[in-house]
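Structure file data_35.txt; described as compact mmCIF, C-alpha atoms and all ligand atoms.
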# COMPACT_ATOMS: atom_id res chain seq x y z
CA MET A 1 38.81 53.62 -12.32
CA PRO A 2 39.80 51.56 -15.43
CA ALA A 3 39.40 47.76 -15.41
CA PRO A 4 42.50 46.01 -13.96
CA TRP A 5 43.57 44.85 -17.44
CA ARG A 6 43.49 48.33 -19.01
CA ASP A 7 46.18 51.00 -18.82
CA ARG A 8 45.56 54.65 -17.91
CA SER A 9 44.46 55.51 -21.44
CA GLY A 10 41.92 52.66 -21.41
CA ARG A 11 43.87 50.39 -23.78
CA PHE A 12 44.23 46.65 -23.11
CA SER A 13 47.52 45.86 -21.32
CA ALA A 14 48.82 42.29 -21.58
CA LEU A 15 51.15 42.87 -18.61
CA LYS A 16 48.32 44.04 -16.37
CA ALA A 17 45.95 41.29 -17.56
CA ALA A 18 48.56 38.58 -16.89
CA THR A 19 49.34 40.05 -13.44
CA PHE A 20 45.64 40.23 -12.56
CA ALA A 21 45.16 36.58 -13.54
CA ALA A 22 48.27 35.52 -11.58
CA LEU A 23 47.04 37.35 -8.47
CA LEU A 24 43.72 35.50 -8.62
CA ILE A 25 45.25 32.01 -8.96
CA PRO A 26 46.08 31.37 -5.25
CA GLY A 27 42.61 32.55 -4.23
CA ILE A 28 40.90 30.31 -6.79
CA ALA A 29 43.13 27.38 -5.74
CA ILE A 30 42.28 27.88 -2.04
CA ALA A 31 38.54 28.25 -2.76
CA GLY A 32 38.61 25.20 -5.06
CA ALA A 33 40.42 23.05 -2.49
CA TYR A 34 37.91 24.13 0.15
CA ALA A 35 34.94 23.31 -2.12
CA LEU A 36 36.44 19.88 -2.90
CA ASP A 37 37.15 19.24 0.78
CA GLU A 38 40.88 18.96 0.15
CA LEU A 39 42.14 21.24 2.91
CA GLY A 40 42.67 18.53 5.52
CA ALA A 41 41.06 18.01 8.89
CA ARG A 42 41.02 21.71 9.81
CA PRO A 43 40.14 23.54 6.58
CA ILE A 44 39.56 26.97 8.14
CA GLU A 45 42.97 26.85 9.84
CA GLU A 46 44.50 25.95 6.49
CA ILE A 47 42.72 28.92 4.86
CA ILE A 48 44.14 31.23 7.57
CA HIS A 49 47.66 29.94 6.87
CA GLU A 50 47.42 30.08 3.07
CA THR A 51 45.83 33.54 2.89
CA GLY A 52 48.34 34.92 5.45
CA GLN A 53 51.25 33.58 3.44
CA TRP A 54 49.94 34.97 0.15
CA ALA A 55 49.23 38.37 1.73
CA LEU A 56 52.86 38.55 2.88
CA ARG A 57 54.25 37.23 -0.42
CA PHE A 58 52.32 39.82 -2.43
CA LEU A 59 53.34 42.57 -0.02
CA LEU A 60 57.03 41.67 -0.50
CA ILE A 61 56.57 41.35 -4.28
CA SER A 62 55.02 44.84 -4.36
CA LEU A 63 58.11 46.10 -2.49
CA ALA A 64 60.31 44.32 -5.06
CA ILE A 65 58.86 46.21 -8.02
CA THR A 66 61.01 49.33 -7.63
CA PRO A 67 64.32 47.38 -7.31
CA ALA A 68 63.27 45.17 -10.25
CA ARG A 69 62.54 48.23 -12.41
CA GLN A 70 65.90 49.74 -11.54
CA ILE A 71 68.02 46.60 -11.85
CA PHE A 72 66.50 45.18 -15.02
CA GLN A 73 65.53 48.54 -16.51
CA LEU A 74 61.88 47.67 -16.84
CA PRO A 75 60.02 50.96 -16.22
CA LYS A 76 56.71 49.38 -17.32
CA LEU A 77 56.59 47.32 -14.11
CA VAL A 78 55.32 50.40 -12.27
CA ALA A 79 51.92 49.73 -13.87
CA ILE A 80 51.42 46.56 -11.78
CA ARG A 81 52.73 47.71 -8.40
CA ARG A 82 49.43 49.13 -7.19
CA MET A 83 47.52 46.00 -8.25
CA ILE A 84 49.91 43.72 -6.34
CA GLY A 85 49.69 45.91 -3.22
CA VAL A 86 45.89 45.85 -3.34
CA ALA A 87 46.00 42.05 -3.77
CA ALA A 88 48.13 41.80 -0.59
CA PHE A 89 45.41 43.75 1.22
CA ALA A 90 42.62 41.57 -0.25
CA TYR A 91 44.34 38.32 0.84
CA ALA A 92 44.90 39.83 4.32
CA VAL A 93 41.16 40.62 4.53
CA PHE A 94 40.30 36.99 3.68
CA HIS A 95 42.89 35.98 6.30
CA LEU A 96 40.99 38.00 8.93
CA VAL A 97 37.64 36.61 7.70
CA GLY A 98 39.12 33.10 8.12
CA PHE A 99 40.21 34.00 11.66
CA ALA A 100 36.68 35.27 12.44
CA ALA A 101 35.11 32.15 10.86
CA ASP A 102 37.30 29.98 13.12
CA ARG A 103 35.66 31.78 16.07
CA MET A 104 32.15 31.30 14.59
CA PHE A 105 32.06 35.04 13.78
CA ASP A 106 31.85 35.88 17.47
CA LEU A 107 33.08 39.46 16.95
CA TRP A 108 33.54 40.08 20.69
CA LEU A 109 35.90 37.11 20.89
CA VAL A 110 37.70 38.17 17.68
CA GLY A 111 38.19 41.73 19.01
CA SER A 112 39.31 40.67 22.47
CA GLU A 113 41.84 38.15 21.08
CA ILE A 114 43.25 40.83 18.78
CA VAL A 115 43.65 43.20 21.72
CA LEU A 116 45.09 40.62 24.13
CA ARG A 117 47.55 38.70 21.92
CA TYR A 118 50.51 40.75 20.72
CA TYR A 119 51.03 38.95 17.43
CA LEU A 120 47.38 39.49 16.51
CA THR A 121 47.54 43.18 17.49
CA ILE A 122 50.57 43.53 15.20
CA GLY A 123 48.69 41.72 12.37
CA ALA A 124 45.73 44.08 12.83
CA GLY A 125 48.09 47.08 12.66
CA VAL A 126 49.52 45.77 9.38
CA LEU A 127 46.02 45.18 8.01
CA LEU A 128 44.94 48.74 8.86
CA THR A 129 48.09 50.10 7.21
CA LEU A 130 47.42 48.07 4.06
CA ALA A 131 43.83 49.36 4.08
CA ALA A 132 45.08 52.97 4.21
CA LEU A 133 47.53 52.28 1.37
CA ALA A 134 44.88 50.55 -0.77
CA ALA A 135 42.35 53.36 -0.16
CA THR A 136 44.85 56.01 -1.26
CA SER A 137 46.26 54.09 -4.21
CA THR A 138 44.07 55.65 -6.92
CA ASP A 139 45.23 58.44 -9.27
CA ALA A 140 42.55 60.71 -7.81
CA MET A 141 44.00 60.22 -4.30
CA VAL A 142 47.55 60.90 -5.54
CA ARG A 143 46.28 64.22 -6.97
CA ARG A 144 44.30 65.03 -3.82
CA LEU A 145 47.16 64.36 -1.41
CA GLY A 146 49.89 65.81 -3.60
CA GLY A 147 52.94 63.82 -4.75
CA LYS A 148 55.11 64.43 -1.66
CA ARG A 149 52.48 63.66 0.96
CA TRP A 150 51.34 60.62 -1.00
CA GLN A 151 54.92 59.32 -1.17
CA SER A 152 55.48 59.83 2.56
CA LEU A 153 52.25 57.99 3.32
CA HIS A 154 53.17 55.11 1.02
CA ARG A 155 56.51 54.67 2.78
CA LEU A 156 54.33 52.98 5.41
CA ALA A 157 54.48 49.96 3.11
CA TYR A 158 58.01 49.34 4.49
CA ALA A 159 56.69 49.29 8.07
CA ALA A 160 53.86 47.01 6.94
CA GLY A 161 56.41 44.60 5.42
CA LEU A 162 58.54 44.61 8.58
CA PHE A 163 55.64 44.02 10.97
CA ALA A 164 54.04 41.40 8.73
CA VAL A 165 57.33 39.43 8.97
CA VAL A 166 57.33 39.95 12.78
CA HIS A 167 53.71 38.66 12.92
CA PHE A 168 54.80 35.61 10.88
CA PHE A 169 57.72 34.97 13.28
CA MET A 170 55.61 35.34 16.40
CA GLN A 171 52.93 32.87 15.34
CA SER A 172 55.48 30.25 14.24
CA LYS A 173 56.06 27.50 16.74
CA LEU A 174 59.31 25.54 16.37
CA ASN A 175 60.12 25.78 12.70
CA VAL A 176 60.99 29.34 11.69
CA THR A 177 62.60 28.48 8.35
CA GLU A 178 59.97 30.29 6.25
CA PRO A 179 59.77 33.44 8.39
CA ILE A 180 63.59 33.65 8.26
CA VAL A 181 63.54 33.39 4.44
CA MET A 182 60.84 36.10 4.28
CA GLY A 183 62.81 38.23 6.76
CA GLY A 184 65.97 37.83 4.64
CA CYS A 185 64.03 38.91 1.50
CA PHE A 186 62.70 41.95 3.35
CA ILE A 187 66.22 42.92 4.49
CA TRP A 188 67.49 42.51 0.91
CA LEU A 189 64.75 44.84 -0.39
CA MET A 190 65.50 47.48 2.22
CA ALA A 191 69.28 47.20 1.87
CA PHE A 192 69.01 47.69 -1.91
CA ARG A 193 66.99 50.87 -1.35
CA VAL A 194 69.57 52.23 1.10
CA LEU A 195 72.39 51.46 -1.35
CA ALA A 196 70.50 53.08 -4.25
CA ARG A 197 69.92 56.22 -2.17
CA ARG A 198 73.51 56.47 -1.00
CA SER A 199 75.46 55.56 -4.12
CA GLY A 200 72.92 56.08 -6.89
CA THR A 201 70.70 53.57 -8.66
CA GLN A 202 73.20 52.74 -11.38
CA LYS A 203 75.93 51.71 -8.96
CA ALA A 204 73.55 49.78 -6.67
CA ALA A 205 72.17 47.92 -9.70
CA SER A 206 75.59 46.90 -11.04
CA PRO A 207 76.17 43.11 -11.10
CA LEU A 208 79.19 43.20 -8.77
CA VAL A 209 77.43 45.28 -6.12
CA LEU A 210 74.39 42.99 -6.40
CA ALA A 211 76.58 39.92 -5.93
CA ALA A 212 78.19 41.50 -2.84
CA LEU A 213 74.72 42.39 -1.54
CA GLY A 214 73.55 38.79 -2.07
CA LEU A 215 76.52 37.49 -0.07
CA ALA A 216 76.05 40.03 2.72
CA ILE A 217 72.33 39.27 3.08
CA ALA A 218 72.96 35.50 3.07
CA LEU A 219 75.48 35.98 5.89
CA THR A 220 73.09 38.24 7.80
CA THR A 221 70.35 35.64 7.39
CA MET A 222 72.61 32.90 8.75
CA LEU A 223 73.58 35.04 11.76
CA GLY A 224 69.91 35.94 12.26
CA GLU A 225 69.00 32.25 12.32
CA VAL A 226 71.78 31.51 14.82
CA ALA A 227 70.65 34.44 17.01
CA TYR A 228 66.98 33.38 16.86
CA TYR A 229 67.62 29.80 17.94
CA GLY A 230 70.17 30.97 20.53
CA LEU A 231 67.78 33.49 22.10
CA PHE A 232 64.44 31.72 21.87
CA THR A 233 65.26 27.99 21.97
CA ARG A 234 67.76 25.68 23.60
CA ILE A 235 69.43 24.87 20.29
CA LYS A 236 73.12 25.82 20.41
CA ALA A 237 74.55 28.39 17.98
CA ILE A 238 77.22 25.94 16.81
CA ALA A 239 74.56 23.37 15.85
CA VAL A 240 72.73 25.96 13.72
CA LEU A 241 76.01 26.98 12.07
CA GLN A 242 76.86 23.36 11.35
CA ALA A 243 73.38 22.79 9.90
CA ASN A 244 73.96 25.76 7.60
CA LEU A 245 77.32 24.55 6.38
CA ASP A 246 76.51 20.85 5.98
CA PRO A 247 74.92 20.15 2.55
CA VAL A 248 73.21 17.02 3.97
CA ASN A 249 70.67 19.37 5.62
CA GLY A 250 69.53 20.72 2.27
CA LEU A 251 69.02 24.41 1.62
CA ARG A 252 68.84 26.50 4.79
CA PRO A 253 67.38 30.06 4.65
CA ALA A 254 70.86 31.55 4.13
CA GLY A 255 71.35 29.22 1.13
CA VAL A 256 68.03 30.32 -0.37
CA LEU A 257 68.96 33.99 0.05
CA LEU A 258 72.39 33.34 -1.47
CA LEU A 259 70.83 31.67 -4.52
CA VAL A 260 68.27 34.46 -4.95
CA GLY A 261 70.88 37.23 -4.48
CA LEU A 262 73.42 35.68 -6.85
CA GLY A 263 70.65 34.83 -9.34
CA ILE A 264 69.64 38.50 -9.47
CA ALA A 265 73.30 39.52 -9.91
CA LEU A 266 73.70 36.95 -12.70
CA VAL A 267 70.64 38.12 -14.64
CA ALA A 268 71.75 41.75 -14.18
CA GLY A 269 75.23 40.73 -15.45
CA ALA A 270 73.77 38.98 -18.51
CA ARG A 271 71.68 42.05 -19.25
CA TRP A 272 74.71 44.33 -18.87
CA ALA A 273 76.79 42.14 -21.25
CA TRP A 274 73.95 42.11 -23.79
CA GLU A 275 73.63 45.93 -23.67
CA ARG A 276 77.40 46.28 -24.21
CA TYR A 277 77.33 43.84 -27.11
CA ARG A 278 74.44 45.73 -28.70
CA ALA A 279 76.14 49.09 -28.19
CA ALA A 280 79.34 47.73 -29.79
CA ALA A 281 77.43 46.12 -32.67
CA ALA A 282 75.17 49.12 -33.34
CA PRO A 283 77.61 51.23 -35.42
CA SER A 284 78.55 48.27 -37.65
CA LEU A 285 74.86 47.37 -38.04
CA SER A 286 74.04 50.90 -39.16
CA GLN A 287 76.87 50.85 -41.81
CA PRO A 288 75.49 50.45 -45.34
CA ALA A 289 76.45 47.12 -46.98
CA GLN A 290 79.48 47.39 -49.29
C1 LIG B 1 43.60 41.45 12.18
C2 LIG B 1 44.57 40.97 11.42
C3 LIG B 1 45.16 39.59 11.53
C4 LIG B 1 44.80 38.53 12.29
C5 LIG B 1 43.67 38.41 13.31
C6 LIG B 1 45.71 37.44 11.98
C7 LIG B 1 45.67 36.17 12.55
C8 LIG B 1 46.52 35.14 12.25
C9 LIG B 1 46.43 33.81 12.81
C10 LIG B 1 45.38 33.35 13.83
C11 LIG B 1 47.43 33.08 12.27
C12 LIG B 1 47.70 31.59 12.50
C13 LIG B 1 48.33 31.33 13.83
C14 LIG B 1 48.44 29.87 14.18
O1 LIG B 1 48.06 29.00 13.42
O2 LIG B 1 48.90 29.62 15.28
C15 LIG B 1 48.17 33.94 11.39
C16 LIG B 1 49.26 33.56 10.65
C17 LIG B 1 49.85 34.34 9.67
N1 LIG B 1 49.50 35.63 9.32
FE1 LIG B 1 48.06 36.75 10.20
N2 LIG B 1 46.60 37.88 11.04
C18 LIG B 1 46.30 39.18 10.72
C19 LIG B 1 46.94 39.98 9.79
C20 LIG B 1 47.92 39.55 8.93
C21 LIG B 1 48.49 40.33 7.86
C22 LIG B 1 48.08 41.75 7.53
C23 LIG B 1 49.43 39.55 7.25
C24 LIG B 1 50.33 39.83 6.07
C25 LIG B 1 50.36 40.91 5.34
C26 LIG B 1 49.45 38.27 7.95
C27 LIG B 1 50.29 37.23 7.62
C28 LIG B 1 50.32 36.01 8.29
C29 LIG B 1 51.24 34.95 7.95
C30 LIG B 1 52.30 34.96 6.88
C31 LIG B 1 50.94 33.89 8.83
C32 LIG B 1 51.63 32.53 8.89
C33 LIG B 1 50.95 31.55 7.99
C34 LIG B 1 51.56 30.16 8.11
O3 LIG B 1 52.14 29.82 9.12
O4 LIG B 1 51.47 29.40 7.15
N3 LIG B 1 48.52 38.31 8.94
N4 LIG B 1 47.59 35.19 11.38
Final structure tokens representation of the file:
Amino acid sequence: MPAPWRDRSGRFSALKAATFAALLIPGIAIAGAYALDELGARPIEEIIHETGQWALRFLLISLAITPARQIFQLPKLVAIRRMIGVAAFAYAVFHLVGFAADRMFDLWLVGSEIVLRYYLTIGAGVLLTLAALAATSTDAMVRRLGGKRWQSLHRLAYAAGLFAVVHFFMQSKLNVTEPIVMGGCFIWLMAFRVLARRSGTQKAASPLVLAALGLAIALTTMLGEVAYYGLFTRIKAIAVLQANLDPVNGLRPAGVLLLVGLGIALVAGARWAWERYRAAAAPSLSQPAQ
């Protein structure tokens, strides 16, 4: 297998090198903070939280590579998808090691907690899925399994994303703002794929459709937040709605999703306008000077 900063032909790739460095940064920051005793009163708990969050973030970023390639026409991004997926797995492994360290590496206790507590069983399922995806991510494995079987297997990444968000929700106590944002991002990623399958990539990636998608997902996120608090807490639906609509409360999850969705549509729009300008300018540019 080539070094992470080399492409398939063995040449240095700046994109892969930069991605590799970026993927290491959170790990180095967590390890550094631990070494300097800057992780608070319960450092191992903090490590569990940080590594869990980064595992989920990288998992969602790996799922965002295909939409990003299609929307911004950046085919080269495919070169970093595998690396980001493997990083999600690596952070999840450190997450589990942190969990075991918190139980003084008493493996019987670790195993029994995983079996007895639903949210841990779900986390373990996600970890096993990520392990299977990482183990079959090499070119040799793609050849061995055959393109179709490999693709079907790697669709498990969607299930991993879904259940990782569920695990995040279930371990959250009162404040579910972050899991709701992550859940909204996951729904956006899946909804874009459904749209691209149904109406074609070009249509799904058009700025207007992206803007409509951003609005729809923001609305879904707001309704999801209302439903969550209504079902699992005593907070009234109307209070959650008011919190969403009152700017004094800052940016709620729906607001974050709206900004992200419209931001993507805006960048796609700018790119579309630039392509049109270039296409219109091309003939005049190729005319010889009089
Ligand atoms: C055997 C596997 C796993 C175990 C035992 C485990 C265990 C835990 C524990 C104990 C917590 C903290 C709960 C608390 O403080 O009350 C947690 C939180 C979390 N886990 Fe896992 N987990 C596993 C797998 C995963 C995987 C595969 C992912 C993501 C891909 C993940 C993402 C998260 C996230 C995002 C949090 C919340 C962090 C925060 O609140 O800041 N976990 N997990």
- request: To one decimal in Å, tell me the separation between atom CA of Ala239 of chain A and atom CA of His49 of chain A.
  value: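 Between these atoms lies a distance of 29.1 Å.
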- request: Tell me which of A:Ala196, A:Val256, A:Ala205, A:Val86 sits closest to ligand LIG 1 (chain B), counting only C-alpha atoms and all ligand atoms.
  value: A:Val86
What's the 8 Å shell around segment 125-132 of chain A, counting all atoms listed in the file, without same-chain residues fewer than 5 positions away, as a CSV table (one decimal) with C-alpha atoms, in the coordinates of the input?
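Okay, result-v9.csv is ready:
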chain,number,residue,atom,x,y,z
A,85,GLY,CA,49.7,45.9,-3.2
A,86,VAL,CA,45.9,45.8,-3.3
A,88,ALA,CA,48.1,41.8,-0.6
A,89,PHE,CA,45.4,43.8,1.2
A,92,ALA,CA,44.9,39.8,4.3
A,93,VAL,CA,41.2,40.6,4.5
A,156,LEU,CA,54.3,53.0,5.4
A,157,ALA,CA,54.5,50.0,3.1
A,160,ALA,CA,53.9,47.0,6.9
A,163,PHE,CA,55.6,44.0,11.0
A,164,ALA,CA,54.0,41.4,8.7
Near-segment 115-119 of chain A list (9 Å; all atoms listed in the file; drop same-chain fewer than 4 positions) as number ranges by chain: A: 110-111, 123-124, 166-171
message: Between atom CA of Gly98 of chain A and atom CA of Ile44 of chain A, what is the distance in Å, rounded to a tenth?
response: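 About the pair atom CA of Gly98 of chain A and atom CA of Ile44 of chain A: they are 6.1 Å apart.
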Best match for closeness to Leu120 of chain A among A:Ala35, A:Leu215, A:Val142, A:Leu96, counting all atoms listed in the file: A:Leu96
task: Quick one: everything within 12 Å of Asn249 of chain A, counting all atoms listed in the file, minus sequence neighbours fewer than 6 positions away in the same chain. Send it as a list of chain:residue names.
output: A:Ala239, A:Val240, A:Leu241, A:Gln242, A:Ala243, A:Gly255
Written file, previous selection with C-alpha atoms, as a short mmCIF file (atom, residue, chain, number, x, y, z; two decimals), in the coordinates of the input:
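Okay, part19.cif is ready:
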data_model
loop_
_atom_site.label_atom_id
_atom_site.label_comp_id
_atom_site.auth_asym_id
_atom_site.auth_seq_id
_atom_site.Cartn_x
_atom_site.Cartn_y
_atom_site.Cartn_z
CA ALA A 239 74.56 23.37 15.85
CA VAL A 240 72.73 25.96 13.72
CA LEU A 241 76.01 26.98 12.07
CA GLN A 242 76.86 23.36 11.35
CA ALA A 243 73.38 22.79 9.90
CA GLY A 255 71.35 29.22 1.13
#
message: With all atoms listed in the file as the counted atoms, please give the residues lying no more than 12 Å from Ile217 of chain A, apart from itself and same-chain residues fewer than 5 positions off, as a list in words.
response: Ile180, Val181, Met182, Gly183, Gly184, Cys185, Phe186, Ile187, Trp188, Leu189, Met190, Ala191, Phe192, Leu210, Ala211, Ala212, Met222, Leu223, Gly224, Pro253, Ala254, Gly255, Val256, Leu257, Leu258, Leu259, Val260, Gly261 and Leu262 of chain A
Could you dump the residues just selected with C-alpha atoms as an mmCIF file, in the frame of the given file?
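Writing the result to out24.cif gives the following:
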data_model
loop_
_atom_site.group_PDB
_atom_site.id
_atom_site.type_symbol
_atom_site.label_atom_id
_atom_site.label_comp_id
_atom_site.auth_asym_id
_atom_site.auth_seq_id
_atom_site.Cartn_x
_atom_site.Cartn_y
_atom_site.Cartn_z
ATOM 1 C CA ILE A 180 63.590 33.650 8.260
ATOM 2 C CA VAL A 181 63.540 33.390 4.440
ATOM 3 C CA MET A 182 60.840 36.100 4.280
ATOM 4 C CA GLY A 183 62.810 38.230 6.760
ATOM 5 C CA GLY A 184 65.970 37.830 4.640
ATOM 6 C CA CYS A 185 64.030 38.910 1.500
ATOM 7 C CA PHE A 186 62.700 41.950 3.350
ATOM 8 C CA ILE A 187 66.220 42.920 4.490
ATOM 9 C CA TRP A 188 67.490 42.510 0.910
ATOM 10 C CA LEU A 189 64.750 44.840 -0.390
ATOM 11 C CA MET A 190 65.500 47.480 2.220
ATOM 12 C CA ALA A 191 69.280 47.200 1.870
ATOM 13 C CA PHE A 192 69.010 47.690 -1.910
ATOM 14 C CA LEU A 210 74.390 42.990 -6.400
ATOM 15 C CA ALA A 211 76.580 39.920 -5.930
ATOM 16 C CA ALA A 212 78.190 41.500 -2.840
ATOM 17 C CA MET A 222 72.610 32.900 8.750
ATOM 18 C CA LEU A 223 73.580 35.040 11.760
ATOM 19 C CA GLY A 224 69.910 35.940 12.260
ATOM 20 C CA PRO A 253 67.380 30.060 4.650
ATOM 21 C CA ALA A 254 70.860 31.550 4.130
ATOM 22 C CA GLY A 255 71.350 29.220 1.130
ATOM 23 C CA VAL A 256 68.030 30.320 -0.370
ATOM 24 C CA LEU A 257 68.960 33.990 0.050
ATOM 25 C CA LEU A 258 72.390 33.340 -1.470
ATOM 26 C CA LEU A 259 70.830 31.670 -4.520
ATOM 27 C CA VAL A 260 68.270 34.460 -4.950
ATOM 28 C CA GLY A 261 70.880 37.230 -4.480
ATOM 29 C CA LEU A 262 73.420 35.680 -6.850
#
